[in-house]
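S.K.: This is the content of start-v3.cif (mmCIF, C-alpha atoms):
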data_structure
loop_
_atom_site.label_atom_id
_atom_site.label_comp_id
_atom_site.auth_asym_id
_atom_site.auth_seq_id
_atom_site.Cartn_x
_atom_site.Cartn_y
_atom_site.Cartn_z
CA MET A 381 -5.56 21.79 17.09
CA LYS A 382 -1.85 22.38 16.60
CA ILE A 383 -0.15 21.99 13.21
CA VAL A 384 3.62 22.04 12.76
CA LEU A 385 4.64 23.37 9.34
CA ALA A 386 7.98 22.94 7.56
CA TYR A 387 8.54 26.60 6.74
CA SER A 388 10.94 27.80 4.05
CA GLY A 389 9.93 31.43 4.01
CA GLY A 390 8.86 31.06 0.37
CA LEU A 391 5.50 31.77 -1.19
CA ASP A 392 3.81 28.37 -0.73
CA THR A 393 4.65 27.93 2.94
CA THR A 394 4.02 31.59 3.85
CA VAL A 395 0.54 31.46 2.33
CA ALA A 396 0.05 28.07 4.01
CA ILE A 397 0.36 29.60 7.52
CA LYS A 398 -2.68 31.83 7.02
CA TRP A 399 -4.59 29.16 5.10
CA LEU A 400 -4.03 26.50 7.77
CA SER A 401 -5.01 28.79 10.62
CA GLU A 402 -8.25 29.75 8.83
CA LYS A 403 -9.13 26.36 7.34
CA TYR A 404 -8.44 24.27 10.46
CA ARG A 405 -8.77 27.00 13.10
CA ALA A 406 -5.42 25.69 14.23
CA GLN A 407 -2.38 27.02 16.00
CA VAL A 408 0.39 26.91 13.42
CA VAL A 409 3.94 26.29 14.64
CA THR A 410 6.54 26.96 11.94
CA VAL A 411 9.94 25.28 11.68
CA THR A 412 12.75 26.59 9.48
CA VAL A 413 15.68 24.22 9.13
CA ASP A 414 19.02 25.81 8.23
CA VAL A 415 20.66 23.40 5.79
CA GLY A 416 23.08 25.98 4.48
CA GLN A 417 20.78 28.31 2.55
CA GLU A 418 21.91 31.93 2.41
CA GLU A 419 18.91 33.46 4.15
CA ASN A 420 18.13 36.09 6.75
CA PHE A 421 16.56 33.79 9.33
CA SER A 422 15.40 36.70 11.45
CA GLU A 423 13.42 37.99 8.47
CA ILE A 424 11.99 34.52 7.85
CA GLU A 425 10.85 34.32 11.47
CA LYS A 426 9.31 37.80 11.23
CA ARG A 427 7.49 36.79 8.02
CA ALA A 428 6.12 33.69 9.73
CA TYR A 429 4.65 35.71 12.60
CA ILE A 430 3.16 38.30 10.24
CA ALA A 431 1.49 35.47 8.32
CA GLY A 432 -0.06 34.18 11.55
CA ALA A 433 2.31 31.65 13.13
CA GLU A 434 1.79 31.11 16.86
CA LYS A 435 5.35 29.96 17.42
CA HIS A 436 8.50 29.63 15.33
CA TYR A 437 11.63 27.47 15.52
CA THR A 438 14.89 27.96 13.60
CA ILE A 439 17.07 24.85 13.71
CA ASP A 440 20.72 24.90 12.67
CA ALA A 441 21.36 21.62 10.84
CA LYS A 442 24.16 22.71 8.47
CA GLU A 443 26.86 20.46 9.90
CA GLU A 444 24.51 17.49 10.13
CA PHE A 445 23.41 18.03 6.54
CA ALA A 446 27.03 18.21 5.36
CA ASN A 447 28.31 15.21 7.31
CA SER A 448 25.31 12.85 7.23
CA PHE A 449 23.75 13.63 3.84
CA VAL A 450 26.22 15.43 1.56
CA ALA A 451 29.18 13.22 2.55
CA PRO A 452 27.49 9.92 1.56
CA SER A 453 26.29 11.54 -1.66
CA ILE A 454 29.92 12.34 -2.52
CA MET A 455 30.95 8.75 -1.82
CA MET A 456 28.17 7.64 -4.19
CA ASN A 457 28.77 10.28 -6.93
CA ALA A 458 25.07 11.01 -6.63
CA LEU A 459 23.98 12.44 -9.97
CA TYR A 460 20.37 11.71 -10.89
CA GLU A 461 20.20 10.93 -14.61
CA GLY A 462 23.89 11.75 -14.78
CA VAL A 463 23.56 15.50 -14.12
CA TYR A 464 21.55 16.50 -11.03
CA PRO A 465 23.45 16.32 -7.69
CA LEU A 466 20.26 15.78 -5.63
CA SER A 467 20.61 19.05 -3.70
CA THR A 468 16.91 19.46 -2.89
CA ALA A 469 16.25 15.72 -2.61
CA LEU A 470 19.02 15.24 -0.03
CA ALA A 471 17.73 17.94 2.31
CA ARG A 472 14.08 16.86 2.48
CA PRO A 473 14.43 13.85 4.81
CA LEU A 474 16.55 15.89 7.24
CA ILE A 475 14.06 18.79 7.22
CA ALA A 476 11.18 16.36 7.79
CA GLU A 477 13.08 14.72 10.65
CA LYS A 478 13.59 18.07 12.42
CA VAL A 479 9.96 19.09 11.89
CA VAL A 480 8.80 15.80 13.39
CA GLU A 481 11.03 16.40 16.42
CA VAL A 482 9.27 19.73 16.98
CA ALA A 483 5.83 18.18 16.42
CA LYS A 484 6.52 15.62 19.14
CA LYS A 485 7.87 18.32 21.45
CA GLU A 486 4.81 20.51 20.87
CA GLY A 487 2.37 17.63 21.19
CA ALA A 488 1.02 18.25 17.69
CA THR A 489 -0.95 15.61 15.83
CA HIS A 490 -0.64 17.24 12.39
CA VAL A 491 2.47 17.92 10.31
CA ALA A 492 2.32 20.15 7.22
CA HIS A 493 4.58 20.99 4.28
CA GLY A 494 4.33 23.24 1.23
CA SER A 495 4.72 20.71 -1.57
CA THR A 496 2.32 20.57 -4.50
CA SER A 497 0.64 17.50 -6.00
CA LYS A 498 2.81 17.74 -9.14
CA GLY A 499 6.17 17.80 -7.41
CA ASN A 500 8.67 15.26 -6.15
CA ASP A 501 8.97 16.84 -2.70
CA GLN A 502 5.51 15.73 -1.60
CA VAL A 503 6.72 12.13 -1.84
CA ARG A 504 9.96 12.87 0.00
CA PHE A 505 8.24 14.75 2.80
CA ASP A 506 5.32 12.36 3.21
CA LEU A 507 7.47 9.23 3.31
CA ALA A 508 10.02 10.79 5.69
CA ILE A 509 7.26 11.97 8.05
CA LYS A 510 5.54 8.57 7.94
CA SER A 511 8.86 6.91 8.73
CA LYS A 512 9.57 9.11 11.75
CA MET A 513 6.00 9.72 12.99
CA PRO A 514 3.58 7.16 11.55
CA GLU A 515 0.70 8.44 13.66
CA ALA A 516 0.91 11.99 12.30
CA GLU A 517 -1.80 13.42 10.08
CA ILE A 518 -0.04 14.95 7.08
CA VAL A 519 -1.46 18.16 5.63
CA ALA A 520 -0.27 19.56 2.29
CA PRO A 521 -2.17 22.82 1.69
CA ALA A 522 -0.82 23.30 -1.85
CA ARG A 523 -2.36 19.94 -2.80
CA THR A 524 -5.71 21.11 -1.45
CA TRP A 525 -6.36 24.79 -2.04
CA GLY A 526 -6.34 24.65 -5.85
CA MET A 527 -4.66 28.05 -6.29
CA THR A 528 -2.29 28.81 -9.12
CA ARG A 529 0.97 30.55 -8.31
CA GLN A 530 -0.47 33.88 -9.44
CA GLN A 531 -3.52 33.34 -7.25
CA GLU A 532 -1.22 32.62 -4.31
CA VAL A 533 0.49 35.96 -4.87
CA LEU A 534 -2.90 37.71 -4.91
CA TYR A 535 -4.02 35.80 -1.79
CA ALA A 536 -0.87 36.87 0.03
CA LYS A 537 -1.44 40.49 -1.02
CA GLU A 538 -5.06 40.41 0.18
CA LYS A 539 -4.02 39.01 3.56
CA GLY A 540 -1.13 41.44 3.96
CA ILE A 541 1.44 38.65 3.84
CA PRO A 542 4.94 39.74 2.71
CA ILE A 543 6.65 37.59 0.08
CA LYS A 544 10.10 37.73 -1.46
CA GLU A 545 10.35 39.53 -4.81
CA GLU A 546 11.90 36.57 -6.65
CA ASN A 547 8.96 34.38 -5.60
CA LYS A 548 6.83 36.37 -8.02
CA LYS A 549 8.86 35.05 -10.98
CA PHE A 550 10.62 31.88 -9.87
CA SER A 551 10.29 29.11 -7.33
CA ILE A 552 13.65 28.90 -5.58
CA ASP A 553 14.94 26.19 -3.26
CA GLU A 554 18.39 26.59 -1.79
CA ASN A 555 20.69 24.72 0.56
CA LEU A 556 24.40 24.11 1.05
CA TRP A 557 24.58 21.65 -1.86
CA GLY A 558 22.68 23.59 -4.51
CA ARG A 559 20.12 26.10 -5.69
CA SER A 560 17.15 25.01 -7.80
CA ILE A 561 15.15 27.35 -10.06
CA GLU A 562 11.67 26.65 -11.40
CA GLY A 563 8.90 28.77 -12.87
CA ASP A 564 6.53 29.21 -15.78
CA THR A 565 8.88 31.73 -17.39
CA ILE A 566 11.43 28.95 -17.96
CA SER A 567 9.12 25.96 -18.41
CA ASP A 568 9.65 25.98 -22.20
CA PRO A 569 12.65 23.64 -22.68
CA TYR A 570 13.83 25.69 -25.67
CA ALA A 571 13.66 29.08 -23.96
CA GLU A 572 16.93 30.46 -22.60
CA VAL A 573 16.97 30.95 -18.85
CA PRO A 574 17.27 34.68 -18.12
CA GLU A 575 20.42 35.73 -16.32
CA GLU A 576 18.36 37.25 -13.52
CA ALA A 577 17.35 33.74 -12.43
CA PHE A 578 20.91 32.91 -11.42
CA GLU A 579 22.64 33.97 -8.25
CA TRP A 580 25.52 31.61 -7.44
CA THR A 581 27.00 31.39 -10.93
CA LYS A 582 27.09 34.99 -12.11
CA VAL A 583 30.54 35.62 -13.56
CA THR A 584 32.47 38.01 -11.36
CA SER A 585 35.97 36.71 -12.10
CA THR A 586 37.71 35.63 -15.30
CA GLU A 587 40.85 34.44 -13.50
CA PRO A 588 41.30 30.64 -13.66
CA LEU A 589 40.73 28.90 -10.33
CA GLU A 590 43.17 26.12 -9.44
CA ILE A 591 42.19 23.79 -6.66
CA GLU A 592 43.83 20.86 -4.88
CA LEU A 593 41.33 18.64 -3.08
CA GLU A 594 42.57 15.97 -0.71
CA PHE A 595 40.24 13.05 0.02
CA LYS A 596 40.22 10.52 2.82
CA GLU A 597 37.81 7.60 2.68
CA GLY A 598 36.01 9.27 -0.21
CA VAL A 599 35.34 12.68 1.39
CA PRO A 600 37.31 15.95 0.96
CA ILE A 601 39.34 16.88 4.05
CA THR A 602 41.67 19.63 2.78
CA ILE A 603 41.52 22.30 0.12
CA ASN A 604 44.79 23.72 -1.21
CA GLY A 605 46.57 22.05 1.70
CA LYS A 606 44.36 23.60 4.37
CA ARG A 607 42.47 21.24 6.66
CA SER A 608 38.78 22.23 6.57
CA SER A 609 35.37 20.87 7.43
CA LEU A 610 33.21 19.61 4.59
CA LEU A 611 30.86 22.52 5.24
CA GLU A 612 33.71 25.01 4.78
CA ILE A 613 35.01 23.29 1.64
CA VAL A 614 31.58 23.26 -0.02
CA ARG A 615 30.95 26.91 0.79
CA TYR A 616 34.35 27.95 -0.57
CA LEU A 617 33.86 26.05 -3.83
CA ASN A 618 30.31 27.35 -4.30
CA ARG A 619 31.60 30.88 -3.96
CA GLU A 620 34.85 30.64 -5.94
CA ALA A 621 33.85 28.20 -8.69
CA GLY A 622 30.45 29.89 -9.01
CA ALA A 623 32.18 33.23 -9.53
CA ARG A 624 33.76 31.72 -12.68
CA GLY A 625 30.31 30.81 -14.04
CA PHE A 626 30.81 27.13 -13.25
CA GLY A 627 28.05 24.88 -11.95
CA ARG A 628 24.90 25.40 -14.02
CA VAL A 629 22.70 22.43 -14.87
CA ASP A 630 19.76 22.72 -17.28
CA HIS A 631 17.97 19.54 -18.27
CA LEU A 632 14.67 17.81 -18.90
CA GLU A 633 14.23 15.70 -15.79
CA ASN A 634 12.10 12.59 -15.46
CA ARG A 635 10.14 13.33 -12.31
CA LEU A 636 9.08 10.46 -10.12
CA VAL A 637 5.44 11.59 -10.50
CA GLY A 638 5.46 10.51 -14.13
CA PHE A 639 6.28 13.41 -16.43
CA LYS A 640 9.25 15.37 -17.73
CA SER A 641 10.04 18.79 -16.29
CA ARG A 642 12.59 21.44 -17.19
CA GLU A 643 14.87 21.84 -14.16
CA VAL A 644 17.62 24.38 -13.64
CA TYR A 645 20.23 24.15 -10.88
CA GLU A 646 23.29 25.98 -9.63
CA VAL A 647 25.62 23.38 -8.09
CA PRO A 648 29.27 24.47 -8.44
CA ALA A 649 30.76 22.74 -5.39
CA ALA A 650 28.87 19.51 -6.02
CA LEU A 651 29.98 19.17 -9.65
CA LEU A 652 33.58 20.09 -8.81
CA ILE A 653 33.83 17.61 -5.92
CA TYR A 654 32.19 14.85 -7.95
CA SER A 655 34.67 15.41 -10.80
CA ALA A 656 37.58 15.02 -8.39
CA HIS A 657 36.06 12.06 -6.55
CA GLN A 658 35.23 10.11 -9.70
CA ASP A 659 38.72 10.72 -11.04
CA LEU A 660 40.26 9.42 -7.82
CA GLU A 661 38.03 6.35 -7.90
CA LYS A 662 39.26 5.52 -11.41
CA ALA A 663 42.81 5.69 -10.11
CA VAL A 664 42.04 3.25 -7.29
CA TYR A 665 39.44 0.71 -8.40
CA THR A 666 39.97 -2.32 -10.58
CA PRO A 667 37.97 -2.26 -13.85
CA LEU A 668 35.35 -4.57 -12.36
CA GLU A 669 35.08 -2.55 -9.15
CA LEU A 670 34.68 0.65 -11.15
CA ARG A 671 31.84 -0.73 -13.27
CA PHE A 672 30.10 -2.18 -10.23
CA LYS A 673 30.48 1.12 -8.36
CA ARG A 674 28.94 3.13 -11.21
CA TYR A 675 25.90 0.84 -11.12
CA VAL A 676 25.61 1.20 -7.34
CA ASP A 677 25.99 5.00 -7.65
CA GLN A 678 23.09 5.20 -10.08
CA LEU A 679 20.86 2.97 -7.95
CA TRP A 680 21.61 5.00 -4.80
CA SER A 681 20.88 8.26 -6.64
CA ASP A 682 17.57 6.94 -7.97
CA LEU A 683 16.44 5.87 -4.49
CA VAL A 684 17.24 9.24 -2.94
CA TYR A 685 15.67 11.20 -5.81
CA ARG A 686 12.50 9.14 -5.51
CA GLY A 687 12.06 9.90 -1.83
CA LEU A 688 13.23 6.51 -0.57
CA TRP A 689 15.85 7.72 1.91
CA TYR A 690 14.44 5.30 4.50
CA GLU A 691 14.41 2.35 2.09
CA PRO A 692 16.50 -0.50 3.59
CA LEU A 693 18.32 -0.93 0.29
CA ARG A 694 19.60 2.65 0.51
CA SER A 695 21.14 1.87 3.90
CA LEU A 696 22.69 -1.31 2.52
CA LEU A 697 24.16 0.58 -0.44
CA ASP A 698 25.57 3.12 2.02
CA GLU A 699 27.57 0.30 3.60
CA VAL A 700 28.82 -0.76 0.17
CA GLY A 701 29.79 2.83 -0.61
CA ARG A 702 31.65 3.32 2.67
CA SER A 703 33.49 0.04 2.20
CA MET A 704 34.59 0.88 -1.34
CA ASN A 705 35.56 4.44 -0.40
CA LYS A 706 37.90 3.14 2.28
CA TYR A 707 40.67 3.21 -0.33
CA VAL A 708 39.65 6.45 -2.06
CA GLU A 709 42.43 8.55 -0.58
CA GLY A 710 44.66 11.07 -2.30
CA VAL A 711 44.86 14.49 -3.96
CA VAL A 712 43.26 15.75 -7.19
CA LYS A 713 44.30 18.97 -8.94
CA LEU A 714 41.62 20.84 -10.91
CA ARG A 715 41.29 24.05 -12.87
CA VAL A 716 38.03 25.97 -13.34
CA LYS A 717 38.07 28.28 -16.33
CA GLY A 718 35.42 29.67 -18.65
CA GLY A 719 32.60 27.80 -16.93
CA GLY A 720 34.30 24.41 -17.29
CA VAL A 721 36.55 22.20 -15.18
CA ASN A 722 39.61 20.13 -16.06
CA VAL A 723 41.42 17.60 -13.93
CA LEU A 724 45.12 18.47 -14.06
CA GLY A 725 46.47 15.49 -12.14
CA ARG A 726 45.93 13.09 -9.29
CA ARG A 727 47.91 11.20 -6.69
CA ALA A 728 46.18 8.22 -5.11
CA LYS A 729 47.60 6.38 -2.09
CA TYR A 730 46.08 3.01 -3.03
CA SER A 731 46.34 3.19 -6.82
CA PRO A 732 47.54 0.01 -8.57
CA TYR A 733 49.01 2.17 -11.32
CA ALA A 734 52.63 1.16 -11.98
CA GLU A 735 54.73 3.24 -14.36
CA ASN A 736 57.14 0.37 -15.06
CA VAL A 737 54.14 -1.62 -16.35
CA ALA A 738 52.32 1.19 -18.19
CA SER A 739 55.34 2.89 -19.81
CA TYR A 740 56.10 2.30 -23.50
CA GLU A 741 59.73 3.27 -22.96
CA ARG A 742 60.91 1.05 -20.13
CA GLY A 743 59.94 -1.77 -17.82
CA TRP A 744 57.72 -4.76 -18.55
CA TYR A 745 56.87 -5.41 -22.20
CA PRO A 746 55.01 -8.53 -23.41
CA THR A 747 56.64 -10.57 -26.18
CA ASP A 748 55.03 -11.03 -29.57
CA GLU A 749 54.19 -14.61 -28.58
CA MET A 750 52.50 -13.48 -25.35
CA ALA A 751 50.49 -10.81 -27.22
CA ARG A 752 49.34 -13.24 -29.91
CA GLY A 753 48.24 -15.81 -27.34
CA PHE A 754 46.34 -13.24 -25.31
CA ILE A 755 44.53 -11.87 -28.37
CA GLU A 756 43.61 -15.37 -29.60
CA ILE A 757 42.06 -16.41 -26.31
CA TRP A 758 40.50 -13.02 -25.58
CA GLY A 759 38.56 -12.85 -28.86
CA MET A 760 37.87 -16.57 -29.28
CA HIS A 761 34.22 -16.48 -28.18
CA SER A 762 33.44 -13.68 -30.68
CA LEU A 763 35.26 -15.31 -33.57
CA LEU A 764 33.66 -18.72 -32.98
CA ALA A 765 30.19 -17.16 -32.74
CA ASN A 766 30.67 -15.27 -35.99
CA ARG A 767 31.89 -18.41 -37.81
CA SER A 768 28.92 -20.43 -36.61
CA ARG A 769 26.51 -17.78 -37.91
CA ALA A 770 28.19 -17.21 -41.27
#
Using the file provided, produce a representation of the structure as structure tokens.
M.R.:
Amino acid sequence: MKIVLAYSGGLDTTVAIKWLSEKYRAQVVTVTVDVGQEENFSEIEKRAYIAGAEKHYTIDAKEEFANSFVAPSIMMNALYEGVYPLSTALARPLIAEKVVEVAKKEGATHVAHGSTSKGNDQVRFDLAIKSKMPEAEIVAPARTWGMTRQQEVLYAKEKGIPIKEENKKFSIDENLWGRSIEGDTISDPYAEVPEEAFEWTKVTSTEPLEIELEFKEGVPITINGKRSSLLEIVRYLNREAGARGFGRVDHLENRLVGFKSREVYEVPAALLIYSAHQDLEKAVYTPLELRFKRYVDQLWSDLVYRGLWYEPLRSLLDEVGRSMNKYVEGVVKLRVKGGGVNVLGRRAKYSPYAENVASYERGWYPTDEMARGFIEIWGMHSLLANRSRA
């Protein structure tokens, strides 16, 4: 039997290699998908072989992740419950897709991942695999073996399997769009997260960071006047905004599996780009378009968070998002200082803003008669309802 495993190099998937080979007497092929995580992929490959992998693939999917997953999330201001930029959720369907490609190439009938039975990722992986390879038998060792995290560490030690030091304290997931931090040491919602848990947002500079982001069709194309790929822009902002301590998210999240969980993220580029994009949208959309778009944004975010990347409605909402972002073009100036961000100004190509209409000093000004008539008609339904109920 041959099993293809989505391999992150972390504790769960490293232990899973040995467990799968012993439990199923299977050849385990590991697949690491580079979606922008800052990792030593040679070390990950070495760790996989030490743990018992028969074969290992490293797939570079950074550009695809940026252009096909991060870009639409920017168009949709994808913030689950208003704060989480879906960093982990966005990467799962792409990772599953690449793992399935290897499984088909290797002639494997089983596909495995390291998700637990309490997490959201099991849903994302399972549904993505079923969508791309319905005939595959899905194996999730962490749902089966019944080990606690501490027992996994002991198991790895007994088997001579090397694990990363931070895996002993925290469960880390990282990609281009964000870094998530979980662990029993921070499960108490009232406990302060220790500084050692953070990596991207440690303060190394107190100098304010001023940024000009230019958007075209809803996606950043230049930073401070320099034409750059989305991948380059995100990496720059993660580094520079993170160095100012910007980009931490700490909240009680409603997991799709039915309970609340304390989740901590480092997402500097995502939060900065969303701030600029939302500001530009407000400059472009009519009031009705803006309210409709915010509803669509939330619905899109919920679908992706809940593992429904292949839901037809998500594809339909993508079309809506692309259509509405056609006019989201312009430049936004921002300043990052003291862990916060402020929009300093914006210039939108398709904004209906007209100074001669908005100004109190010159240009169009309604007469008293016009104002009275507007107010009378505007509030009539409320006034009549109140009179009838008096």
S.K.: Counting only C-alpha atoms, note down every residue that has an atom within 10 Å of the point (42.1, 24.9, 1.3) (file coordinates), as a ChimeraX atom specification.
M.R.: /A:591-594,601-609,612-613,616-617
S.K.: Work out how far CA of Val411 (chain A) is from CA of Lys512 (chain A), in Å to one decimal.
M.R.: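 Here the two named atoms are 16.2 Å from each other.
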S.K.: I'd like the interatomic distance between CA of Glu579 (chain A) and CA of Ser388 (chain A), to a tenth of an Å.
M.R.: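 CA of Glu579 (chain A) sits 18.1 Å away from CA of Ser388 (chain A).
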S.K.: List the spatial neighbours of Pro452 (chain A) as a PyMOL selection string - criterion: any atom at most 9 Å away, all atoms listed in the file, same-chain residues fewer than 4 positions off excluded.
M.R.: chain A and resi 447-448+456-458+598-599+698+701-702
S.K.: Please identify all polymer residues within 10 Å of Tyr685 (chain A), counting only C-alpha atoms, omitting same-chain residues fewer than 3 positions from it, and present them as a PyMOL selection string.
M.R.: chain A and resi 458-461+464-470+500-501+503-504+635-636+679-682+688-689
S.K.: Name all residues at most 12 Å from Glu590 (chain A) (count only C-alpha atoms; drop same-chain ones fewer than 5 positions away) and give them as a PyMOL selection string.
M.R.: chain A and resi 603-604+617+620-621+624+652+712-717+720-725
S.K.: What's the 10 Å shell around Leu611 (chain A), counting only C-alpha atoms, without same-chain residues fewer than 4 positions away, as a PyMOL selection string?
M.R.: chain A and resi 416+442-447+450-451+556-557+615-616
S.K.: Would you mind telling me which residue in A:Tyr690, A:Phe626, A:Tyr387, A:Tyr570 lies nearest to Pro588 (chain A) when using all atoms listed in the file?
M.R.: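 Looking at the shortest contact to Pro588 (chain A), the residue is A:Phe626.
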S.K.: Evaluate the PyMOL selection byres ((chain A and resi 408) around 7) here and jot the selected residues down as a list in words.
M.R.: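 Selected by the PyMOL selection byres ((chain A and resi 408) around 7) in this file: Lys382, Ile383, Val384, Leu385, Ile397, Ser401, Ala406, Gln407, Val409, Thr410, Ala433 and Glu434 of chain A.
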S.K.: Which one is closest to Ala431 (chain A): A:Ile541, A:Leu651, A:Val533, A:Ile566? Count only C-alpha atoms.
M.R.: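 Counting only C-alpha atoms, the residue closest to Ala431 (chain A) is A:Ile541.
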S.K.: Given the file shown, determine the residues that the PyMOL selection byres ((chain A and resi 727) around 10) selects; report them as a list in words.
M.R.: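 This file gives the following for the PyMOL selection byres ((chain A and resi 727) around 10): Glu594, Leu660, Ala663, Val664, Glu709, Gly710, Val711, Val712, Lys713, Gly725, Arg726, Ala728, Lys729, Tyr730 and Ser731 of chain A.
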